[in-house]
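File shown here: start20.cif, holding mmCIF, C-alpha atoms.
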data_model
loop_
_atom_site.group_PDB
_atom_site.id
_atom_site.type_symbol
_atom_site.label_atom_id
_atom_site.label_comp_id
_atom_site.auth_asym_id
_atom_site.auth_seq_id
_atom_site.Cartn_x
_atom_site.Cartn_y
_atom_site.Cartn_z
ATOM 1 C CA GLU K 729 -3.203 3.259 -26.721
ATOM 2 C CA LEU K 730 -0.230 5.486 -26.037
ATOM 3 C CA GLU K 731 -1.531 8.079 -28.510
ATOM 4 C CA GLN K 732 -4.863 8.147 -26.647
ATOM 5 C CA ASP K 733 -3.043 8.486 -23.341
ATOM 6 C CA GLN K 734 -0.984 11.334 -24.761
ATOM 7 C CA LYS K 735 -4.142 13.225 -25.749
ATOM 8 C CA TYR K 736 -5.686 12.605 -22.327
ATOM 9 C CA PHE K 737 -2.585 13.767 -20.518
ATOM 10 C CA GLU K 738 -2.031 16.895 -22.608
ATOM 11 C CA GLN K 739 -5.658 18.019 -22.888
ATOM 12 C CA TRP K 740 -5.299 20.748 -20.259
ATOM 13 C CA ILE K 741 -2.017 22.312 -21.439
ATOM 14 C CA THR K 742 -3.787 25.040 -23.401
ATOM 15 C CA THR K 743 -5.830 26.049 -20.336
ATOM 16 C CA TYR K 744 -2.742 27.166 -18.420
ATOM 17 C CA PRO K 745 -1.362 30.722 -18.690
ATOM 18 C CA VAL K 746 2.040 31.669 -19.995
ATOM 19 C CA LEU K 747 3.954 33.339 -17.172
ATOM 20 C CA ASP K 748 6.960 34.211 -19.302
ATOM 21 C CA SER K 749 9.249 36.225 -17.044
ATOM 22 C CA GLN K 750 12.404 34.384 -18.103
ATOM 23 C CA PRO K 751 14.416 36.054 -20.914
ATOM 24 C CA LYS K 752 14.364 33.942 -24.075
ATOM 25 C CA GLU K 753 18.148 33.802 -24.211
ATOM 26 C CA GLY K 754 18.140 32.142 -20.765
ATOM 27 C CA LYS K 755 15.660 29.380 -21.604
ATOM 28 C CA ASP K 756 18.277 26.834 -22.635
ATOM 29 C CA GLU K 757 20.082 27.273 -19.322
ATOM 30 C CA MET K 758 17.019 26.491 -17.211
ATOM 31 C CA PRO K 759 17.248 23.195 -15.303
ATOM 32 C CA THR K 760 14.909 20.301 -15.966
ATOM 33 C CA VAL K 761 12.191 20.259 -13.310
ATOM 34 C CA CYS K 762 11.572 16.819 -11.800
ATOM 35 C CA LEU K 763 8.100 16.369 -10.318
ATOM 36 C CA ILE K 764 8.294 13.504 -7.812
ATOM 37 C CA SER K 765 5.497 11.608 -6.073
ATOM 38 C CA ALA K 766 5.403 8.165 -4.469
ATOM 39 C CA SER K 767 2.205 7.475 -6.424
ATOM 40 C CA PHE K 768 0.821 9.054 -9.570
ATOM 41 C CA ARG K 769 -2.843 8.218 -9.997
ATOM 42 C CA ASP K 770 -5.788 9.699 -11.831
ATOM 43 C CA PHE K 771 -8.737 11.209 -9.905
ATOM 44 C CA ASP K 772 -6.404 11.757 -6.949
ATOM 45 C CA ALA K 773 -5.497 15.109 -5.375
ATOM 46 C CA VAL K 774 -1.754 14.481 -5.558
ATOM 47 C CA GLY K 775 -1.965 12.980 -9.049
ATOM 48 C CA ASN K 776 -3.965 15.935 -10.331
ATOM 49 C CA PHE K 777 -1.468 18.317 -8.736
ATOM 50 C CA ILE K 778 1.373 16.582 -10.584
ATOM 51 C CA TRP K 779 -0.150 16.858 -14.037
ATOM 52 C CA ASP K 780 -1.502 20.349 -13.377
ATOM 53 C CA GLY K 781 2.045 21.361 -12.459
ATOM 54 C CA TRP K 782 3.404 19.526 -15.498
ATOM 55 C CA SER K 783 0.959 21.373 -17.753
ATOM 56 C CA LEU K 784 1.808 24.782 -16.296
ATOM 57 C CA LEU K 785 5.544 24.216 -16.594
ATOM 58 C CA LYS K 786 5.342 22.752 -20.119
ATOM 59 C CA ARG K 787 3.167 25.668 -21.214
ATOM 60 C CA ASN K 788 5.919 27.995 -20.034
ATOM 61 C CA GLY K 789 8.664 26.229 -21.947
ATOM 62 C CA PHE K 790 10.284 24.221 -19.166
ATOM 63 C CA SER K 791 11.686 20.738 -19.586
ATOM 64 C CA VAL K 792 9.764 18.529 -17.127
ATOM 65 C CA GLU K 793 10.126 14.933 -15.965
ATOM 66 C CA ILE K 794 7.755 12.979 -13.709
ATOM 67 C CA TYR K 795 9.018 10.333 -11.286
ATOM 68 C CA SER K 796 6.870 7.936 -9.244
ATOM 69 C CA GLN K 797 6.947 4.426 -7.827
ATOM 70 C CA TYR K 798 3.286 3.508 -8.235
ATOM 71 C CA CYS K 799 1.595 4.718 -11.405
ATOM 72 C CA ASP K 800 -1.735 4.299 -13.209
ATOM 73 C CA LEU K 801 -1.299 2.341 -16.446
ATOM 74 C CA HIS K 802 -2.330 5.196 -18.716
ATOM 75 C CA PHE K 803 0.396 7.404 -17.176
ATOM 76 C CA ARG K 804 3.101 4.793 -17.707
ATOM 77 C CA SER K 805 4.635 6.488 -20.736
ATOM 78 C CA PHE K 806 4.999 9.820 -18.882
ATOM 79 C CA SER K 807 6.333 8.653 -15.526
ATOM 80 C CA ARG K 808 9.796 7.306 -14.779
ATOM 81 C CA ASN K 809 10.574 5.146 -11.765
ATOM 82 C CA ILE K 810 12.006 7.031 -8.779
ATOM 83 C CA LYS K 811 14.892 4.549 -8.713
ATOM 84 C CA GLU K 812 16.094 6.026 -12.022
ATOM 85 C CA LEU K 813 16.411 9.400 -10.316
ATOM 86 C CA VAL K 814 18.231 8.277 -7.165
ATOM 87 C CA THR K 815 20.776 6.307 -9.246
ATOM 88 C CA MET K 816 21.307 9.079 -11.815
ATOM 89 C CA PRO K 817 24.939 10.144 -12.463
ATOM 90 C CA ALA K 818 25.988 13.329 -10.699
ATOM 91 C CA ALA K 819 26.538 15.167 -13.991
ATOM 92 C CA GLU K 820 22.910 14.562 -14.995
ATOM 93 C CA LEU K 821 21.550 15.433 -11.542
ATOM 94 C CA ALA K 822 23.343 18.784 -11.745
ATOM 95 C CA LYS K 823 21.006 19.728 -14.612
ATOM 96 C CA ARG K 824 17.881 19.112 -12.535
ATOM 97 C CA THR K 825 15.785 20.766 -9.847
ATOM 98 C CA LEU K 826 13.543 18.516 -7.741
ATOM 99 C CA PHE K 827 9.952 19.290 -6.737
ATOM 100 C CA TYR K 828 8.951 16.531 -4.323
ATOM 101 C CA THR K 829 5.316 16.039 -3.219
ATOM 102 C CA TYR K 830 4.669 14.446 0.164
ATOM 103 C CA SER K 831 1.355 13.198 1.584
ATOM 104 C CA ILE K 832 2.130 9.831 3.217
ATOM 105 C CA TYR K 833 5.113 7.608 4.061
ATOM 106 C CA ASP K 834 7.517 7.170 1.137
ATOM 107 C CA GLU K 835 10.312 4.598 1.344
ATOM 108 C CA ASN K 836 12.282 6.634 -1.210
ATOM 109 C CA LEU K 837 12.413 9.799 0.923
ATOM 110 C CA PRO K 838 15.836 9.121 2.548
ATOM 111 C CA GLU K 839 17.492 8.676 -0.861
ATOM 112 C CA ILE K 840 15.715 11.700 -2.370
ATOM 113 C CA ALA K 841 16.682 13.872 0.607
ATOM 114 C CA ASP K 842 20.353 12.954 0.062
ATOM 115 C CA LEU K 843 20.449 13.917 -3.619
ATOM 116 C CA PRO K 844 23.004 16.728 -4.200
ATOM 117 C CA CYS K 845 20.863 19.072 -6.289
ATOM 118 C CA PRO K 846 18.385 21.896 -5.585
ATOM 119 C CA LYS K 847 15.160 20.470 -4.178
ATOM 120 C CA VAL K 848 11.970 21.657 -2.535
ATOM 121 C CA VAL K 849 9.135 19.689 -0.951
ATOM 122 C CA TYR K 850 5.391 20.291 -1.347
ATOM 123 C CA TYR K 851 3.403 19.150 1.696
ATOM 124 C CA HIS K 852 -0.171 18.070 0.954
ATOM 125 C CA GLY K 853 -0.915 17.198 4.583
ATOM 126 C CA ILE K 854 -0.991 13.779 6.260
ATOM 127 C CA THR K 855 -4.180 12.504 7.854
ATOM 128 C CA ASP K 856 -4.056 12.154 11.636
ATOM 129 C CA PRO K 857 -3.738 8.377 12.225
ATOM 130 C CA ASP K 858 -6.345 8.592 15.012
ATOM 131 C CA GLN K 859 -8.884 9.759 12.414
ATOM 132 C CA ILE K 860 -8.455 6.482 10.520
ATOM 133 C CA GLY K 861 -9.194 4.347 13.577
ATOM 134 C CA ASP K 862 -9.431 0.608 12.951
ATOM 135 C CA VAL K 863 -10.743 0.821 9.389
ATOM 136 C CA ASP K 864 -7.381 0.292 7.674
ATOM 137 C CA GLU K 865 -4.383 -0.649 9.820
ATOM 138 C CA HIS K 866 -1.963 -0.432 6.882
ATOM 139 C CA VAL K 867 -2.918 3.145 5.949
ATOM 140 C CA LYS K 868 -2.840 4.113 9.626
ATOM 141 C CA LYS K 869 0.751 2.855 9.950
ATOM 142 C CA MET K 870 1.720 4.615 6.702
ATOM 143 C CA CYS K 871 0.399 7.910 8.091
ATOM 144 C CA GLU K 872 2.234 7.398 11.387
ATOM 145 C CA ALA K 873 5.490 6.649 9.568
ATOM 146 C CA GLY K 874 4.945 9.590 7.219
ATOM 147 C CA LEU K 875 4.614 11.999 10.136
ATOM 148 C CA LYS K 876 7.775 10.674 11.785
ATOM 149 C CA ASP K 877 9.709 11.159 8.542
ATOM 150 C CA LEU K 878 8.908 14.882 8.495
ATOM 151 C CA SER K 879 12.216 15.290 10.334
ATOM 152 C CA ARG K 880 13.966 14.583 7.003
ATOM 153 C CA MET K 881 12.540 17.765 5.465
ATOM 154 C CA SER K 882 15.483 19.744 6.845
ATOM 155 C CA ALA K 883 17.510 18.307 3.931
ATOM 156 C CA PHE K 884 15.402 20.274 1.418
ATOM 157 C CA ASP K 885 16.103 23.838 0.317
ATOM 158 C CA GLY K 886 12.534 24.923 0.936
ATOM 159 C CA LEU K 887 9.052 23.743 1.791
ATOM 160 C CA PHE K 888 5.626 24.672 0.472
ATOM 161 C CA ALA K 889 2.317 23.609 2.005
ATOM 162 C CA ASN K 890 -0.964 23.608 0.085
ATOM 163 C CA SER K 891 -2.847 25.645 2.724
ATOM 164 C CA GLN K 892 -2.295 27.587 5.919
ATOM 165 C CA SER K 893 -3.761 24.747 7.989
ATOM 166 C CA SER K 894 -1.382 22.234 6.350
ATOM 167 C CA LEU K 895 1.553 24.533 7.131
ATOM 168 C CA ARG K 896 0.463 24.877 10.774
ATOM 169 C CA GLU K 897 0.083 21.101 10.941
ATOM 170 C CA PHE K 898 3.540 20.575 9.450
ATOM 171 C CA ARG K 899 5.196 22.952 11.917
ATOM 172 C CA GLN K 900 3.407 21.302 14.838
ATOM 173 C CA TYR K 901 4.547 17.792 13.884
ATOM 174 C CA TYR K 902 8.018 18.949 12.848
ATOM 175 C CA HIS K 903 8.560 20.632 16.204
ATOM 176 C CA SER K 904 7.335 17.593 18.162
ATOM 177 C CA ILE K 905 9.789 15.329 16.301
ATOM 178 C CA THR K 906 12.883 17.532 16.011
ATOM 179 C CA GLN K 907 12.355 19.954 18.941
ATOM 180 C CA CYS K 908 13.221 22.740 16.503
ATOM 181 C CA VAL K 909 11.240 25.907 17.049
ATOM 182 C CA ASN K 910 10.272 26.540 13.436
ATOM 183 C CA PHE K 911 10.841 25.781 9.776
ATOM 184 C CA ASP K 912 11.658 29.256 8.523
ATOM 185 C CA ASN K 913 11.893 28.672 4.769
ATOM 186 C CA ALA K 914 8.302 27.397 4.489
ATOM 187 C CA SER K 915 5.299 29.087 2.902
ATOM 188 C CA THR K 916 1.899 28.306 1.404
ATOM 189 C CA LEU K 917 1.342 27.562 -2.285
ATOM 190 C CA PRO K 918 -2.250 26.665 -3.223
ATOM 191 C CA PRO K 919 -2.758 23.858 -5.761
ATOM 192 C CA LEU K 920 -1.920 24.819 -9.338
ATOM 193 C CA VAL K 921 -5.297 24.728 -11.015
ATOM 194 C CA ALA K 922 -6.708 26.590 -14.013
ATOM 195 C CA MET K 923 -10.141 25.447 -12.904
ATOM 196 C CA GLN K 924 -12.452 27.732 -14.848
ATOM 197 C CA SER K 925 -10.911 27.129 -18.267
ATOM 198 C CA LYS K 926 -10.378 23.438 -17.475
ATOM 199 C CA TRP K 927 -14.061 22.756 -16.735
ATOM 200 C CA ALA K 928 -15.166 24.948 -19.641
ATOM 201 C CA ALA K 929 -13.366 22.517 -21.947
ATOM 202 C CA VAL K 930 -15.356 19.544 -20.598
ATOM 203 C CA GLU K 931 -18.673 18.562 -22.182
ATOM 204 C CA ALA K 932 -21.204 17.413 -19.579
ATOM 205 C CA ASP K 933 -22.441 13.818 -19.839
ATOM 206 C CA THR K 934 -25.929 13.547 -18.300
ATOM 207 C CA SER K 935 -26.453 9.874 -19.193
ATOM 208 C CA LEU K 936 -25.840 8.875 -15.580
ATOM 209 C CA LEU K 937 -28.645 11.053 -14.210
ATOM 210 C CA PRO K 938 -32.228 9.689 -14.132
ATOM 211 C CA LYS K 939 -34.878 12.084 -15.409
ATOM 212 C CA LYS K 940 -36.444 12.681 -12.007
ATOM 213 C CA PHE K 941 -33.176 14.268 -10.814
ATOM 214 C CA SER K 942 -34.102 17.421 -12.699
ATOM 215 C CA THR K 943 -37.121 18.044 -10.460
ATOM 216 C CA SER K 944 -35.525 17.101 -7.115
ATOM 217 C CA LYS K 945 -33.236 18.931 -4.733
ATOM 218 C CA ILE K 946 -29.847 17.197 -4.858
ATOM 219 C CA LEU K 947 -27.430 17.218 -1.939
ATOM 220 C CA LEU K 948 -23.978 16.342 -3.251
ATOM 221 C CA TYR K 949 -20.807 14.984 -1.684
ATOM 222 C CA VAL K 950 -17.659 14.492 -3.784
ATOM 223 C CA GLY K 951 -14.502 12.909 -2.409
ATOM 224 C CA ARG K 952 -12.832 9.719 -1.271
ATOM 225 C CA MET K 953 -14.867 7.876 1.346
ATOM 226 C CA PHE K 954 -12.648 7.270 4.362
ATOM 227 C CA PRO K 955 -13.179 7.745 8.129
ATOM 228 C CA HIS K 956 -11.739 11.270 8.416
ATOM 229 C CA LYS K 957 -14.233 12.413 5.757
ATOM 230 C CA HIS K 958 -17.135 11.553 8.127
ATOM 231 C CA VAL K 959 -19.510 10.657 5.316
ATOM 232 C CA GLU K 960 -21.825 9.173 7.967
ATOM 233 C CA ASP K 961 -22.415 12.760 9.118
ATOM 234 C CA VAL K 962 -23.327 13.761 5.555
ATOM 235 C CA ILE K 963 -25.890 10.944 5.569
ATOM 236 C CA ALA K 964 -27.235 12.156 8.930
ATOM 237 C CA VAL K 965 -27.562 15.713 7.577
ATOM 238 C CA PHE K 966 -29.464 14.395 4.578
ATOM 239 C CA ALA K 967 -31.763 12.266 6.753
ATOM 240 C CA GLU K 968 -32.840 15.395 8.650
ATOM 241 C CA TYR K 969 -33.362 17.403 5.467
ATOM 242 C CA ASN K 970 -35.248 14.529 3.855
ATOM 243 C CA LYS K 971 -37.904 14.775 6.593
ATOM 244 C CA LYS K 972 -38.783 18.230 5.245
ATOM 245 C CA ASP K 973 -38.351 17.350 1.571
ATOM 246 C CA PRO K 974 -38.958 13.605 0.908
ATOM 247 C CA SER K 975 -38.181 14.049 -2.801
ATOM 248 C CA ALA K 976 -34.627 15.249 -2.077
ATOM 249 C CA ILE K 977 -31.753 13.043 -3.246
ATOM 250 C CA LEU K 978 -28.274 12.504 -1.802
ATOM 251 C CA LEU K 979 -25.482 11.728 -4.260
ATOM 252 C CA LEU K 980 -22.257 10.377 -2.748
ATOM 253 C CA VAL K 981 -19.515 10.488 -5.393
ATOM 254 C CA GLY K 982 -16.055 8.989 -4.967
ATOM 255 C CA GLY K 983 -13.936 5.931 -4.305
ATOM 256 C CA GLN K 984 -15.118 3.666 -1.494
ATOM 257 C CA HIS K 985 -12.991 1.836 1.058
ATOM 258 C CA PRO K 986 -14.742 -1.552 1.531
ATOM 259 C CA THR K 987 -14.663 -1.609 5.352
ATOM 260 C CA TYR K 988 -15.803 1.982 5.724
ATOM 261 C CA PHE K 989 -18.386 1.568 2.957
ATOM 262 C CA ALA K 990 -19.915 -1.371 4.868
ATOM 263 C CA ARG K 991 -20.243 0.886 7.916
ATOM 264 C CA LEU K 992 -21.981 3.541 5.855
ATOM 265 C CA GLN K 993 -24.412 0.938 4.540
ATOM 266 C CA THR K 994 -25.180 -0.074 8.131
ATOM 267 C CA GLU K 995 -25.942 3.559 9.016
ATOM 268 C CA ILE K 996 -28.258 3.831 6.017
ATOM 269 C CA THR K 997 -30.251 0.760 7.079
ATOM 270 C CA LYS K 998 -31.181 2.629 10.270
ATOM 271 C CA LEU K 999 -33.085 5.203 8.204
ATOM 272 C CA SER K 1000 -36.626 4.892 6.902
ATOM 273 C CA VAL K 1001 -37.047 2.815 3.758
ATOM 274 C CA ASP K 1002 -38.236 5.855 1.809
ATOM 275 C CA CYS K 1003 -35.154 7.816 2.848
ATOM 276 C CA GLN K 1004 -32.857 4.918 1.946
ATOM 277 C CA ARG K 1005 -34.213 4.927 -1.611
ATOM 278 C CA GLN K 1006 -33.100 8.552 -2.026
ATOM 279 C CA ILE K 1007 -29.414 7.872 -1.317
ATOM 280 C CA ARG K 1008 -27.216 6.975 -4.291
ATOM 281 C CA PHE K 1009 -23.526 6.017 -4.350
ATOM 282 C CA LEU K 1010 -21.574 6.769 -7.502
ATOM 283 C CA SER K 1011 -18.022 5.480 -7.768
ATOM 284 C CA THR K 1012 -15.305 7.271 -9.713
ATOM 285 C CA LEU K 1013 -16.810 9.236 -12.618
ATOM 286 C CA THR K 1014 -15.396 10.644 -15.802
ATOM 287 C CA GLN K 1015 -14.819 14.388 -15.888
ATOM 288 C CA SER K 1016 -17.845 14.709 -18.180
ATOM 289 C CA GLN K 1017 -20.104 12.786 -15.801
ATOM 290 C CA LEU K 1018 -18.828 14.733 -12.800
ATOM 291 C CA LYS K 1019 -19.560 18.037 -14.528
ATOM 292 C CA ALA K 1020 -23.164 16.938 -15.114
ATOM 293 C CA VAL K 1021 -23.496 15.985 -11.442
ATOM 294 C CA TYR K 1022 -22.161 19.371 -10.296
ATOM 295 C CA GLN K 1023 -24.521 21.179 -12.656
ATOM 296 C CA ALA K 1024 -27.512 19.216 -11.338
ATOM 297 C CA ALA K 1025 -26.704 19.675 -7.625
ATOM 298 C CA SER K 1026 -28.545 22.069 -5.306
ATOM 299 C CA VAL K 1027 -26.033 22.151 -2.435
ATOM 300 C CA PHE K 1028 -22.611 20.669 -1.701
ATOM 301 C CA VAL K 1029 -22.197 19.039 1.728
ATOM 302 C CA THR K 1030 -18.938 17.917 3.324
ATOM 303 C CA MET K 1031 -18.451 16.988 6.980
ATOM 304 C CA THR K 1032 -14.753 16.152 6.645
ATOM 305 C CA GLU K 1033 -12.519 16.640 9.693
ATOM 306 C CA HIS K 1034 -9.204 16.835 7.833
ATOM 307 C CA GLU K 1035 -8.208 18.124 4.406
ATOM 308 C CA GLY K 1036 -5.029 19.359 2.869
ATOM 309 C CA PHE K 1037 -7.012 21.652 0.597
ATOM 310 C CA CYS K 1038 -10.287 20.032 -0.613
ATOM 311 C CA ILE K 1039 -10.550 20.817 -4.318
ATOM 312 C CA PRO K 1040 -14.246 19.703 -4.543
ATOM 313 C CA VAL K 1041 -15.217 22.732 -2.435
ATOM 314 C CA LEU K 1042 -13.648 25.017 -5.055
ATOM 315 C CA GLU K 1043 -15.330 23.063 -7.839
ATOM 316 C CA ALA K 1044 -18.722 23.468 -6.145
ATOM 317 C CA MET K 1045 -18.130 27.220 -5.855
ATOM 318 C CA LEU K 1046 -17.196 27.375 -9.540
ATOM 319 C CA PHE K 1047 -20.540 25.789 -10.445
ATOM 320 C CA GLY K 1048 -22.397 28.212 -8.185
ATOM 321 C CA ILE K 1049 -23.444 25.615 -5.616
ATOM 322 C CA PRO K 1050 -23.757 26.670 -1.948
ATOM 323 C CA VAL K 1051 -21.300 24.804 0.296
ATOM 324 C CA VAL K 1052 -22.134 23.404 3.746
ATOM 325 C CA ALA K 1053 -19.073 22.288 5.716
ATOM 326 C CA LYS K 1054 -17.842 21.783 9.251
ATOM 327 C CA ARG K 1055 -16.258 24.850 10.779
ATOM 328 C CA LYS K 1056 -12.752 23.437 10.634
ATOM 329 C CA ALA K 1057 -9.654 24.253 8.598
#

Would you put the structure from the file into structure tokens?
Amino acid sequence: ELEQDQKYFEQWITTYPVLDSQPKEGKDEMPTVCLISASFRDFDAVGNFIWDGWSLLKRNGFSVEIYSQYCDLHFRSFSRNIKELVTMPAAELAKRTLFYTYSIYDENLPEIADLPCPKVVYYHGITDPDQIGDVDEHVKKMCEAGLKDLSRMSAFDGLFANSQSSLREFRQYYHSITQCVNFDNASTLPPLVAMQSKWAAVEADTSLLPKKFSTSKILLYVGRMFPHKHVEDVIAVFAEYNKKDPSAILLLVGGQHPTYFARLQTEITKLSVDCQRQIRFLSTLTQSQLKAVYQAASVFVTMTEHEGFCIPVLEAMLFGIPVVAKRKA
């Protein structure tokens, strides 16, 4: 099992470039880079960022360690518990540089912020709690607490945000909490992805697609289904288009929150029976299945109100699919 996990985890290393600006004689003196995330999960924006960063750093000869508190089983042999890091002897900490990812409340943040070694934070963006509404009270409280804890970022040596809108959002919340005018040592750093070579290495699996898909226009949505994504608006867009092209199909790909999913099902029942038959939900897919879906799609539609970055938009562009989105950052 661990050997299979190792192959899965390392499959993208060769797709990342070598950015070898460090003299060879200085390699041994480079600190170990610690990539830290409260959770480390597959098919997740933060999780993908962690192992994309791991791959890039490993490809360039760095020593890298991953620390998390909640971890998918098949990443268990690559991730250490955050508690190991915060209790590490000072002599060992001195050999490390911390790269901490932040996207929601993390109970370990106070201890990480106090660690006496170089550290930077990468801000993925935190969803506005009002966008979540009453769908998930726990997640709403986690987002509220996460925003309040942005005041602790002053303990870090620098901050990166994954987009200009995330950086604006961070500065807005940071100012409202701390009353500080700005956070000067902050800049944008887009997600570390070698997307073209990564997808080229994936073989498409079309077994999930019925034959009639090849002759129909396919409207595609890819992403987690949660209130701020406004998937109900995607369904409404499709319902209008379906009046002009009854053979068109809507594919909704991604993890489904049970409460929000029930609401989407209620919205679908308001449509004509013929239109309802053309809407398909697909839960989490393999990379091979997802590639086949992208290749079959005619247009990518997202009505999301809040994103840190939205990788699926880039993926759609890579596959040459037109993108329809709300005019929001």

Within 7 Å of segment 848-865 of chain K using only C-alpha atoms, minus same-chain residues under 4 positions, as a CSV table (one decimal) with C-alpha atoms, in the coordinates of the input:
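Contents of result_33.csv, freshly written:
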chain,number,residue,atom,x,y,z
K,826,LEU,CA,13.5,18.5,-7.7
K,827,PHE,CA,10.0,19.3,-6.7
K,828,TYR,CA,9.0,16.5,-4.3
K,829,THR,CA,5.3,16.0,-3.2
K,830,TYR,CA,4.7,14.4,0.2
K,831,SER,CA,1.4,13.2,1.6
K,832,ILE,CA,2.1,9.8,3.2
K,869,LYS,CA,0.8,2.9,10.0
K,871,CYS,CA,0.4,7.9,8.1
K,872,GLU,CA,2.2,7.4,11.4
K,884,PHE,CA,15.4,20.3,1.4
K,885,ASP,CA,16.1,23.8,0.3
K,886,GLY,CA,12.5,24.9,0.9
K,887,LEU,CA,9.1,23.7,1.8
K,888,PHE,CA,5.6,24.7,0.5
K,889,ALA,CA,2.3,23.6,2.0
K,890,ASN,CA,-1.0,23.6,0.1
K,894,SER,CA,-1.4,22.2,6.4
K,955,PRO,CA,-13.2,7.7,8.1
K,956,HIS,CA,-11.7,11.3,8.4
K,987,THR,CA,-14.7,-1.6,5.4
K,988,TYR,CA,-15.8,2.0,5.7
K,1034,HIS,CA,-9.2,16.8,7.8
K,1036,GLY,CA,-5.0,19.4,2.9

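Residue membership of the PyMOL selection byres ((chain K and resi 959-963) around 9) in the shown file amounts to K:Tyr949, K:Met953, K:Phe954, K:Pro955, K:His956, K:Lys957, K:His958, K:Ala964, K:Val965, K:Phe966, K:Ala967, K:Glu968, K:Leu978, K:Leu980, K:Arg991, K:Leu992, K:Glu995, K:Ile996, K:Ile1007, K:Val1029, K:Thr1030, K:Met1031, K:Thr1032.
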
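In this comparison, which uses all atoms listed in the file, the residue of K:Lys823, K:Cys845, K:Leu730, K:Glu835 approaching Phe806 of chain K most closely is K:Leu730.
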
Within-12 Å shell of (1.6, 7.1, -11.9) in input frame, all atoms listed in the file, as a ChimeraX atom specification: /K:737,763-772,774-776,778-779,794-810

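The interatomic distance for the pair atom CA of Phe790 of chain K and atom CA of Thr916 of chain K works out to 22.6 Å.
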
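Remark: for Trp927 of chain K, the closest of the candidate residues K:Leu813, K:Leu1046, K:Leu895, K:Leu948 is K:Leu1046 (distances computed over all atoms listed in the file).
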
Counting only C-alpha atoms, the residue of K:Ala1024, K:Arg880, K:Glu738, K:Thr825 that sits nearest Lys786 of chain K: K:Glu738
